[in-house]
Amino acid sequence: MQGLSSLRIIVSILPKGPSNVAVERMRQAHNKAYGSRKSWAYGSTYRRGICGASSFKSSGCQGGSWTKCGSNTFPSGSFPDCHSPLGVYDLHGNAAEHMKPALNEQQMASRGSLELGYTEMKGSWFIFDTYYAHEDWCRWRAPYWHGSRVMDAQSHHNYHLGFRCCKTIKKD
């Protein structure tokens with residue numbers, strides 16, 4: 001029941017508007033559909049110590065500020081066991097990412113869309129082995145914590161955010 005209460009609180013603090021309701025509904029449906037098949041790039045269970053997630057927050061860091069928080073990340077490639085079956089490294093740990101999932105076909109950049117849509121946070125960051133802040137399995141979709149319109153000047157920014165590039169590979 002606590003999960004439902006938390007969800008109601010999250011929904012109540014979302015910016016109002018039809019697009020944000022669509023984001024939340026899509027997130028709920030997506031997590032329900034994929035939640036029973038959680039996976040990480042390296043396997044089917046979370047494993048501590050194999051990705052760049054064993055660092056710490058700098059003392060005095062309450063979030064947001066690079067000058068107070070630094071990054072405390074690891075050089076790319078520092079964790080040889082943190083890779084997918086396809087040999088893609090560092091998909092967990094170091095920096096969380098802002099991503100732009102399409103809410104409909106009109107928002108798909110691959111189809112030439114100029115309707116940019118909304119961002120959402122994905123992934124784990126450099127302290128997850130000591131502070132598991134939220135779910136981070138590969139297909140998990142976060143609440144609208146740091147969401148905003150793509151290219152919004154007031155978009156969320158933080159010392160623990162980076163980016164990732166993804167491509168769907170079709171099975172033969």
# chains A, B, ... in the order shown; residues from 1 in each chain; ligands from 1
>>> residues_around(residues="Met99 in chain A", least_positions_apart="6", cutoff="7 Å", atoms="only C-alpha atoms", output="ChimeraX atom specification")
/A:119-122
>>> write_last_selection(atoms="N, CA and C atoms", output="compact mmCIF listing (two decimals), in the first residue's frame")
# COMPACT_ATOMS: atom_id res chain seq x y z
N THR A 119 11.65 14.85 -21.45
CA THR A 119 12.78 14.05 -20.98
C THR A 119 12.34 13.20 -19.79
N GLU A 120 13.10 12.16 -19.50
CA GLU A 120 12.95 11.43 -18.25
C GLU A 120 14.31 10.90 -17.84
N MET A 121 14.49 10.68 -16.55
CA MET A 121 15.76 10.19 -16.03
C MET A 121 15.81 8.66 -16.16
N LYS A 122 17.00 8.14 -16.46
CA LYS A 122 17.22 6.70 -16.51
C LYS A 122 18.55 6.39 -15.84
>>> residues_around(residues="Lys38 in chain A", least_positions_apart="3", cutoff="12 Å", atoms="only C-alpha atoms", output="NGL selection string")
:A and (30-35 or 41-46 or 135-141)
>>> atom_distance(atom1="CA of Ser148 in chain A", atom2="CA of Ser58 in chain A")
27.1 Å
>>> residues_around(residues="Glu115 in chain A", least_positions_apart="2", cutoff="10 Å", atoms="only C-alpha atoms", output="PDB file with N, CA and C atoms, in the first residue's frame")
ATOM      1  N   ALA A 102       9.923   8.597 -27.003  1.00  0.00           N
ATOM      2  CA  ALA A 102       8.782   9.116 -27.763  1.00  0.00           C
ATOM      3  C   ALA A 102       7.479   8.674 -27.103  1.00  0.00           C
ATOM      4  N   GLU A 105       4.278   8.341 -32.299  1.00  0.00           N
ATOM      5  CA  GLU A 105       5.101   8.320 -33.508  1.00  0.00           C
ATOM      6  C   GLU A 105       5.503   9.718 -33.975  1.00  0.00           C
ATOM      7  N   GLN A 106       4.682  10.712 -33.672  1.00  0.00           N
ATOM      8  CA  GLN A 106       4.995  12.069 -34.101  1.00  0.00           C
ATOM      9  C   GLN A 106       6.205  12.652 -33.360  1.00  0.00           C
ATOM     10  N   GLN A 107       6.667  11.993 -32.296  1.00  0.00           N
ATOM     11  CA  GLN A 107       7.829  12.471 -31.552  1.00  0.00           C
ATOM     12  C   GLN A 107       9.098  11.676 -31.871  1.00  0.00           C
ATOM     13  N   MET A 108       9.053  10.788 -32.828  1.00  0.00           N
ATOM     14  CA  MET A 108      10.209   9.948 -33.137  1.00  0.00           C
ATOM     15  C   MET A 108      11.171  10.674 -34.079  1.00  0.00           C
ATOM     16  N   ALA A 109      12.341  11.011 -33.562  1.00  0.00           N
ATOM     17  CA  ALA A 109      13.347  11.698 -34.369  1.00  0.00           C
ATOM     18  C   ALA A 109      13.753  10.860 -35.582  1.00  0.00           C
ATOM     19  N   GLY A 112      11.967  11.862 -38.509  1.00  0.00           N
ATOM     20  CA  GLY A 112      12.048  13.270 -38.894  1.00  0.00           C
ATOM     21  C   GLY A 112      11.231  14.215 -38.041  1.00  0.00           C
ATOM     22  N   SER A 113      10.808  13.767 -36.866  1.00  0.00           N
ATOM     23  CA  SER A 113       9.953  14.598 -36.020  1.00  0.00           C
ATOM     24  C   SER A 113      10.664  15.859 -35.550  1.00  0.00           C
ATOM     25  N   GLY A 117       9.028  16.562 -27.516  1.00  0.00           N
ATOM     26  CA  GLY A 117       8.521  15.780 -26.397  1.00  0.00           C
ATOM     27  C   GLY A 117       9.145  16.134 -25.057  1.00  0.00           C
ATOM     28  N   TYR A 118       9.294  15.123 -24.193  1.00  0.00           N
ATOM     29  CA  TYR A 118       9.697  15.302 -22.802  1.00  0.00           C
ATOM     30  C   TYR A 118      10.898  14.429 -22.468  1.00  0.00           C
ATOM     31  N   VAL A 150      11.881  18.802 -23.870  1.00  0.00           N
ATOM     32  CA  VAL A 150      13.214  18.776 -24.459  1.00  0.00           C
ATOM     33  C   VAL A 150      13.603  20.199 -24.858  1.00  0.00           C
TER      34      VAL A 150
END
>>> closest_residue(among="A:Val88, A:Leu103, A:Ala133, A:Met26", to="Leu116 in chain A", atoms="only C-alpha atoms")
A:Leu103
>>> residues_around(residues="Arg48 in chain A", least_positions_apart="3", cutoff="10 Å", atoms="only C-alpha atoms", output="list in words")
Thr45, Cys51, Gly52, Ala53, Ser54, Phe128, Asp129 and Thr130 of chain A
>>> atom_distance(atom1="CA of Ala95 in chain A", atom2="CA of Leu161 in chain A")
5.1 Å
>>> closest_residue(among="A:Gln28, A:Gln154, A:Ser36, A:Ser55", to="Tyr131 in chain A", atoms="only C-alpha atoms")
A:Ser55
>>> atom_distance(atom1="CA of Asp81 in chain A", atom2="CA of Glu97 in chain A")
20.8 Å
>>> closest_residue(among="A:Pro75, A:Pro80, A:Pro143, A:Gly123", to="Gly93 in chain A", atoms="only C-alpha atoms")
A:Gly123
>>> closest_residue(among="A:Arg111, A:His83, A:His98, A:Lys171", to="Ser155 in chain A", atoms="only C-alpha atoms")
A:His98
